[in-house]
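The file data_1.csv comes next; it holds CSV, C-alpha atoms.
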```csv
chain,number,residue,atom,x,y,z
A,1,MET,CA,-15.0,-11.3,-21.9
A,2,ASN,CA,-12.0,-10.0,-19.9
A,3,SER,CA,-9.5,-7.4,-21.1
A,4,VAL,CA,-6.4,-6.1,-19.4
A,5,LEU,CA,-5.2,-2.5,-19.7
A,6,ARG,CA,-1.6,-1.9,-18.6
A,7,ILE,CA,-0.3,1.6,-17.9
A,8,PRO,CA,3.3,2.4,-17.0
A,9,LEU,CA,3.7,5.2,-14.5
A,10,ASN,CA,6.2,8.0,-15.1
A,11,THR,CA,7.4,8.4,-11.5
A,12,THR,CA,9.8,10.9,-9.9
A,13,PRO,CA,12.5,9.4,-7.6
A,14,GLU,CA,10.4,10.4,-4.6
A,15,GLN,CA,7.3,8.7,-6.0
A,16,GLN,CA,9.3,5.6,-6.8
A,17,GLU,CA,10.5,5.4,-3.2
A,18,ARG,CA,6.9,5.9,-1.9
A,19,LEU,CA,5.6,3.1,-4.1
A,20,GLN,CA,8.5,0.8,-3.1
A,21,ALA,CA,7.7,1.5,0.6
A,22,LEU,CA,4.0,0.6,-0.1
A,23,GLN,CA,5.1,-2.6,-1.7
A,24,ALA,CA,7.2,-3.6,1.3
A,25,ALA,CA,4.5,-2.7,3.8
A,26,PHE,CA,1.9,-4.7,1.8
A,27,ALA,CA,4.2,-7.7,1.7
A,28,LYS,CA,4.6,-7.5,5.5
A,29,VAL,CA,0.8,-7.8,5.9
A,30,CYS,CA,0.7,-10.7,3.5
A,31,ASN,CA,3.5,-12.5,5.3
A,32,ALA,CA,1.7,-12.0,8.7
A,33,LEU,CA,-1.4,-13.6,7.2
A,34,ALA,CA,0.3,-16.5,5.5
A,35,PRO,CA,0.9,-18.6,8.7
A,36,ILE,CA,-2.9,-18.4,9.4
A,37,VAL,CA,-3.6,-19.9,6.0
A,38,GLN,CA,-1.0,-22.6,6.7
A,39,GLN,CA,-2.4,-23.5,10.1
A,40,THR,CA,-6.1,-23.3,9.3
A,41,LYS,CA,-6.2,-24.2,5.6
A,42,VAL,CA,-8.6,-21.4,5.2
A,43,TRP,CA,-8.1,-19.1,2.2
A,44,ASN,CA,-11.6,-18.1,1.3
A,45,ARG,CA,-11.5,-14.3,1.2
A,46,VAL,CA,-14.5,-13.7,3.4
A,47,ALA,CA,-13.6,-16.4,5.9
A,48,LEU,CA,-10.0,-15.2,6.1
A,49,HIS,CA,-11.2,-11.6,6.6
A,50,HIS,CA,-13.2,-12.7,9.6
A,51,LEU,CA,-10.3,-14.7,11.0
A,52,ALA,CA,-7.6,-12.1,10.7
A,53,TYR,CA,-8.7,-8.6,9.8
A,54,HIS,CA,-8.9,-7.1,13.3
A,55,SER,CA,-5.5,-8.5,14.4
A,56,LEU,CA,-3.9,-7.2,11.2
A,57,ARG,CA,-5.4,-3.8,11.7
A,58,GLN,CA,-3.9,-3.7,15.2
A,59,ARG,CA,-0.5,-4.9,14.0
A,60,PHE,CA,-0.3,-2.6,10.9
A,61,PRO,CA,-2.2,0.6,11.8
A,62,ASP,CA,-0.2,2.7,9.2
A,63,LEU,CA,-1.4,0.7,6.2
A,64,GLY,CA,-5.1,1.6,6.4
A,65,SER,CA,-8.1,-0.5,6.7
A,66,GLN,CA,-8.8,-0.9,3.0
A,67,MET,CA,-5.3,-1.8,2.1
A,68,VAL,CA,-5.4,-4.5,4.8
A,69,CYS,CA,-8.5,-5.8,3.0
A,70,ASN,CA,-6.6,-5.8,-0.2
A,71,ALA,CA,-3.7,-7.7,1.3
A,72,ILE,CA,-6.2,-10.4,2.5
A,73,TYR,CA,-7.5,-10.6,-1.1
A,74,SER,CA,-3.9,-11.0,-2.3
A,75,VAL,CA,-3.2,-13.9,0.0
A,76,SER,CA,-6.5,-15.5,-0.7
A,77,ARG,CA,-6.0,-15.2,-4.4
A,78,THR,CA,-2.4,-16.6,-4.3
A,79,SER,CA,-3.5,-19.5,-2.0
A,80,ARG,CA,-6.4,-20.3,-4.3
A,81,LEU,CA,-3.9,-20.5,-7.2
A,82,LEU,CA,-1.4,-22.7,-5.4
A,83,PHE,CA,-3.7,-24.9,-3.3
A,84,GLN,CA,-6.8,-25.3,-5.5
A,85,HIS,CA,-5.6,-25.1,-9.1
A,86,PRO,CA,-5.8,-28.6,-10.5
A,87,GLN,CA,-2.3,-28.4,-12.1
A,88,SER,CA,-0.6,-27.0,-9.0
A,89,PRO,CA,2.0,-29.4,-7.4
A,90,PHE,CA,0.7,-27.9,-4.1
A,91,ASN,CA,-2.9,-28.7,-4.8
A,92,LEU,CA,-4.6,-29.8,-1.5
A,93,ALA,CA,-5.5,-33.2,-3.0
A,94,ARG,CA,-1.9,-33.8,-3.9
A,95,LEU,CA,-0.6,-32.9,-0.5
A,96,ALA,CA,-2.8,-35.8,0.8
A,97,GLY,CA,-3.1,-34.5,4.4
A,98,LYS,CA,0.4,-33.1,4.7
A,99,PRO,CA,0.7,-29.6,6.1
A,100,LEU,CA,0.5,-26.7,3.7
A,101,PRO,CA,3.8,-25.0,2.8
A,102,LEU,CA,4.2,-21.5,4.1
A,103,LEU,CA,3.8,-18.7,1.6
A,104,ARG,CA,6.5,-15.9,1.8
A,105,PHE,CA,5.8,-12.7,-0.2
A,106,ALA,CA,8.8,-10.7,-1.4
A,107,ASP,CA,9.0,-7.0,-1.0
A,108,THR,CA,8.5,-6.8,-4.8
A,109,CYS,CA,5.0,-8.4,-4.6
A,110,PRO,CA,2.2,-6.7,-6.5
A,111,VAL,CA,-0.1,-4.4,-4.6
A,112,TYR,CA,-3.9,-4.7,-5.1
A,113,PHE,CA,-6.0,-1.6,-5.2
A,114,ASP,CA,-9.7,-0.9,-5.4
A,115,ARG,CA,-12.0,2.0,-6.0
A,116,HIS,CA,-11.4,3.3,-2.4
A,117,THR,CA,-7.6,3.4,-2.8
A,118,LEU,CA,-7.2,4.4,-6.4
A,119,SER,CA,-9.4,6.6,-8.6
A,120,LEU,CA,-9.2,7.7,-12.2
A,121,LYS,CA,-11.1,10.7,-13.4
A,122,ALA,CA,-10.6,12.9,-16.4
A,123,GLY,CA,-7.1,11.6,-17.1
A,124,GLN,CA,-6.0,12.1,-13.4
A,125,LEU,CA,-4.9,9.1,-11.4
A,126,SER,CA,-5.0,9.3,-7.6
A,127,MET,CA,-3.6,6.4,-5.6
A,128,TYR,CA,-3.0,5.6,-1.9
A,129,THR,CA,0.5,5.4,-0.4
A,130,LEU,CA,1.7,5.3,3.2
A,131,ASP,CA,2.4,9.1,3.0
A,132,GLY,CA,-0.8,10.2,1.5
A,133,ARG,CA,-2.1,10.1,-2.1
A,134,ILE,CA,0.1,10.6,-5.2
A,135,ARG,CA,-1.3,11.8,-8.5
A,136,PHE,CA,-0.4,11.1,-12.1
A,137,ALA,CA,-1.6,12.5,-15.3
A,138,LEU,CA,-2.6,9.7,-17.7
A,139,ALA,CA,-3.0,10.2,-21.4
A,140,LEU,CA,-5.6,7.5,-22.1
A,141,ARG,CA,-6.7,6.5,-25.6
A,142,PRO,CA,-10.4,7.2,-26.2
A,143,GLU,CA,-11.1,3.4,-26.4
A,144,ASP,CA,-9.4,2.9,-23.0
A,145,GLU,CA,-11.6,5.6,-21.4
A,146,ALA,CA,-14.6,3.9,-23.0
A,147,SER,CA,-13.6,0.6,-21.4
A,148,PHE,CA,-13.5,2.2,-18.0
A,149,ASN,CA,-17.0,3.6,-18.5
A,150,ASP,CA,-18.6,0.5,-20.1
A,151,LYS,CA,-16.9,-2.4,-18.4
A,152,LYS,CA,-16.8,-3.8,-14.9
A,153,LEU,CA,-13.5,-3.2,-13.1
A,154,ARG,CA,-12.5,-6.5,-11.5
A,155,GLU,CA,-8.9,-5.9,-10.3
A,156,ILE,CA,-6.3,-3.1,-10.1
A,157,VAL,CA,-2.7,-4.3,-9.6
A,158,LEU,CA,0.4,-2.2,-9.1
A,159,ALA,CA,3.6,-4.2,-10.0
A,160,ARG,CA,7.2,-3.3,-10.5
A,161,ARG,CA,8.6,-4.5,-13.8
A,162,ILE,CA,12.1,-6.0,-14.3
A,163,ASP,CA,13.3,-2.6,-15.6
A,164,GLY,CA,12.1,-1.0,-12.3
A,165,VAL,CA,9.2,0.8,-13.9
A,166,PHE,CA,5.9,0.6,-11.9
A,167,GLU,CA,2.9,-0.4,-14.0
A,168,LEU,CA,-0.8,-0.5,-13.2
A,169,SER,CA,-2.9,-3.3,-14.6
A,170,PHE,CA,-6.7,-3.0,-14.8
A,171,LEU,CA,-8.7,-6.2,-15.3
A,172,LEU,CA,-12.0,-5.3,-17.0
A,173,SER,CA,-15.0,-7.5,-18.0
A,174,ASP,CA,-18.2,-6.9,-19.7
A,175,GLU,CA,-21.2,-6.2,-17.4
A,176,THR,CA,-23.1,-8.8,-19.3
A,177,ASP,CA,-20.5,-11.5,-18.6
A,178,LYS,CA,-22.1,-14.1,-16.3
A,179,ASP,CA,-18.7,-14.8,-14.8
A,180,ALA,CA,-18.0,-11.1,-14.0
A,181,LEU,CA,-18.5,-11.6,-10.3
A,182,ALA,CA,-16.3,-14.8,-10.1
A,183,PRO,CA,-12.7,-14.4,-9.0
A,184,PRO,CA,-10.2,-14.4,-11.8
A,185,VAL,CA,-8.7,-17.8,-12.5
A,186,ALA,CA,-5.1,-18.2,-13.6
A,187,ALA,CA,-4.6,-20.2,-16.8
A,188,ASN,CA,-1.7,-22.1,-15.2
A,189,ALA,CA,-0.5,-22.9,-11.8
A,190,GLU,CA,3.0,-21.5,-11.9
A,191,VAL,CA,4.3,-20.1,-8.6
A,192,PRO,CA,4.5,-16.3,-9.0
A,193,ASP,CA,8.1,-15.1,-9.0
A,194,TYR,CA,7.4,-12.9,-5.9
A,195,VAL,CA,6.3,-15.9,-3.7
A,196,MET,CA,8.5,-18.5,-2.1
A,197,LEU,CA,7.1,-21.6,-0.4
A,198,GLU,CA,8.7,-23.0,2.7
A,199,GLU,CA,7.9,-26.7,3.2
A,200,ALA,CA,6.4,-27.5,6.6
A,201,ALA,CA,8.8,-29.1,9.1
```
Will you turn the file into structure tokens for me?
Amino acid sequence: MNSVLRIPLNTTPEQQERLQALQAAFAKVCNALAPIVQQTKVWNRVALHHLAYHSLRQRFPDLGSQMVCNAIYSVSRTSRLLFQHPQSPFNLARLAGKPLPLLRFADTCPVYFDRHTLSLKAGQLSMYTLDGRIRFALALRPEDEASFNDKKLREIVLARRIDGVFELSFLLSDETDKDALAPPVAANAEVPDYVMLEEAA
């Protein structure tokens, strides 16, 4: 069974700027990858990694190898939602051979992290940015700490709320869950508000 833990970050103005810069850089990598998905109709994470990782690393050396991998995951995940979800109007079967629309990620798109780019230990959060790591003190409830110790961490997402506050979401699942290794599946096929689709000419 999955559970989501959401933690708002109490950022200084300087930290806020650094996180916004990270969001914008992450979106640039996603937007560089989107035309490859449109042209090849490949969005499987592993296949997309083989297709694009090295060229993305050359184009965006400042982002770091692991964050490039996370951007590939983001594009793969969004493409899976829009082009595979049975309820999506952009489902591959509904397109009936027409070209895929082009995904455009806004500078406010979520940033995906993993255990290499974000760590949480003894109430101290350390996360990657373009200018080195930033650290936050988190006052977690005992049950939340227990979840981190007992459950499998499936996704870490940094998003900016409407009120401008950055929030981390941790998707956790039971180790005994047979679907724990499967990618998360969205309940509906709504286009995320940080993605625009450009119809192919």
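If you measure from each of A:Ala146, A:Ala24, A:Val111, A:Ile72 to Val42 in chain A using only C-alpha atoms, the closest one turns out to be A:Ile72.
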Given all atoms listed in the file as the basis, pick out the residue of A:Ser88, A:Asn44, A:Ser55, A:Asn2 nearest to Tyr73 in chain A. A:Asn44
Could you name the residues that touch Thr40 in chain A at 10 Å or less, counting all atoms listed in the file, but leaving out those on the same chain fewer than 5 positions away, as a PyMOL selection string? chain A and resi 35+48+51+99-100
Can you list, as a PDB file with C-alpha atoms, in the frame of the given file, every protein, DNA or RNA residue that comes within 9 Å of Phe136 in chain A when you count only C-alpha atoms, leaving out same-chain residues fewer than 3 positions away?
```pdb
ATOM      1  CA  LEU A   9       3.700   5.200 -14.500  1.00  0.00           C
ATOM      2  CA  ASN A  10       6.200   8.000 -15.100  1.00  0.00           C
ATOM      3  CA  THR A  11       7.400   8.400 -11.500  1.00  0.00           C
ATOM      4  CA  GLY A 123      -7.100  11.600 -17.100  1.00  0.00           C
ATOM      5  CA  GLN A 124      -6.000  12.100 -13.400  1.00  0.00           C
ATOM      6  CA  LEU A 125      -4.900   9.100 -11.400  1.00  0.00           C
ATOM      7  CA  SER A 126      -5.000   9.300  -7.600  1.00  0.00           C
ATOM      8  CA  MET A 127      -3.600   6.400  -5.600  1.00  0.00           C
TER       9      MET A 127
END
```
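The gap separating CA of Leu172 in chain A from CA of Ser3 in chain A is 5.2 Å, in Å to one decimal.
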Would you fill out range 100-113 of chain A with N, CA and C atoms and return it as an mmCIF file, in the frame of the given file?
```
data_model
loop_
_atom_site.group_PDB
_atom_site.id
_atom_site.type_symbol
_atom_site.label_atom_id
_atom_site.label_comp_id
_atom_site.auth_asym_id
_atom_site.auth_seq_id
_atom_site.Cartn_x
_atom_site.Cartn_y
_atom_site.Cartn_z
ATOM 1 N N LEU A 100 0.301 -27.654 4.817
ATOM 2 C CA LEU A 100 0.500 -26.700 3.700
ATOM 3 C C LEU A 100 1.912 -26.098 3.829
ATOM 4 N N PRO A 101 2.560 -25.832 2.696
ATOM 5 C CA PRO A 101 3.800 -25.000 2.800
ATOM 6 C C PRO A 101 3.422 -23.596 3.172
ATOM 7 N N LEU A 102 4.399 -22.884 3.693
ATOM 8 C CA LEU A 102 4.200 -21.500 4.100
ATOM 9 C C LEU A 102 4.525 -20.555 2.967
ATOM 10 N N LEU A 103 3.605 -19.663 2.643
ATOM 11 C CA LEU A 103 3.800 -18.700 1.600
ATOM 12 C C LEU A 103 4.697 -17.535 2.167
ATOM 13 N N ARG A 104 5.694 -17.092 1.385
ATOM 14 C CA ARG A 104 6.500 -15.900 1.800
ATOM 15 C C ARG A 104 6.506 -14.963 0.598
ATOM 16 N N PHE A 105 5.969 -13.774 0.846
ATOM 17 C CA PHE A 105 5.800 -12.700 -0.200
ATOM 18 C C PHE A 105 7.071 -11.841 -0.170
ATOM 19 N N ALA A 106 7.676 -11.630 -1.328
ATOM 20 C CA ALA A 106 8.800 -10.700 -1.400
ATOM 21 C C ALA A 106 8.381 -9.289 -1.370
ATOM 22 N N ASP A 107 9.338 -8.414 -1.058
ATOM 23 C CA ASP A 107 9.000 -7.000 -1.000
ATOM 24 C C ASP A 107 8.654 -6.409 -2.364
ATOM 25 N N THR A 108 8.841 -7.206 -3.409
ATOM 26 C CA THR A 108 8.500 -6.800 -4.800
ATOM 27 C C THR A 108 7.112 -7.298 -5.185
ATOM 28 N N CYS A 109 6.334 -7.809 -4.231
ATOM 29 C CA CYS A 109 5.000 -8.400 -4.600
ATOM 30 C C CYS A 109 4.089 -7.298 -5.112
ATOM 31 N N PRO A 110 3.156 -7.672 -5.987
ATOM 32 C CA PRO A 110 2.200 -6.700 -6.500
ATOM 33 C C PRO A 110 1.310 -6.177 -5.325
ATOM 34 N N VAL A 111 0.817 -4.967 -5.505
ATOM 35 C CA VAL A 111 -0.100 -4.400 -4.600
ATOM 36 C C VAL A 111 -1.470 -4.251 -5.221
ATOM 37 N N TYR A 112 -2.495 -4.754 -4.545
ATOM 38 C CA TYR A 112 -3.900 -4.700 -5.100
ATOM 39 C C TYR A 112 -4.552 -3.445 -4.574
ATOM 40 N N PHE A 113 -5.220 -2.777 -5.495
ATOM 41 C CA PHE A 113 -6.000 -1.600 -5.200
ATOM 42 C C PHE A 113 -7.467 -1.840 -5.474
#
```
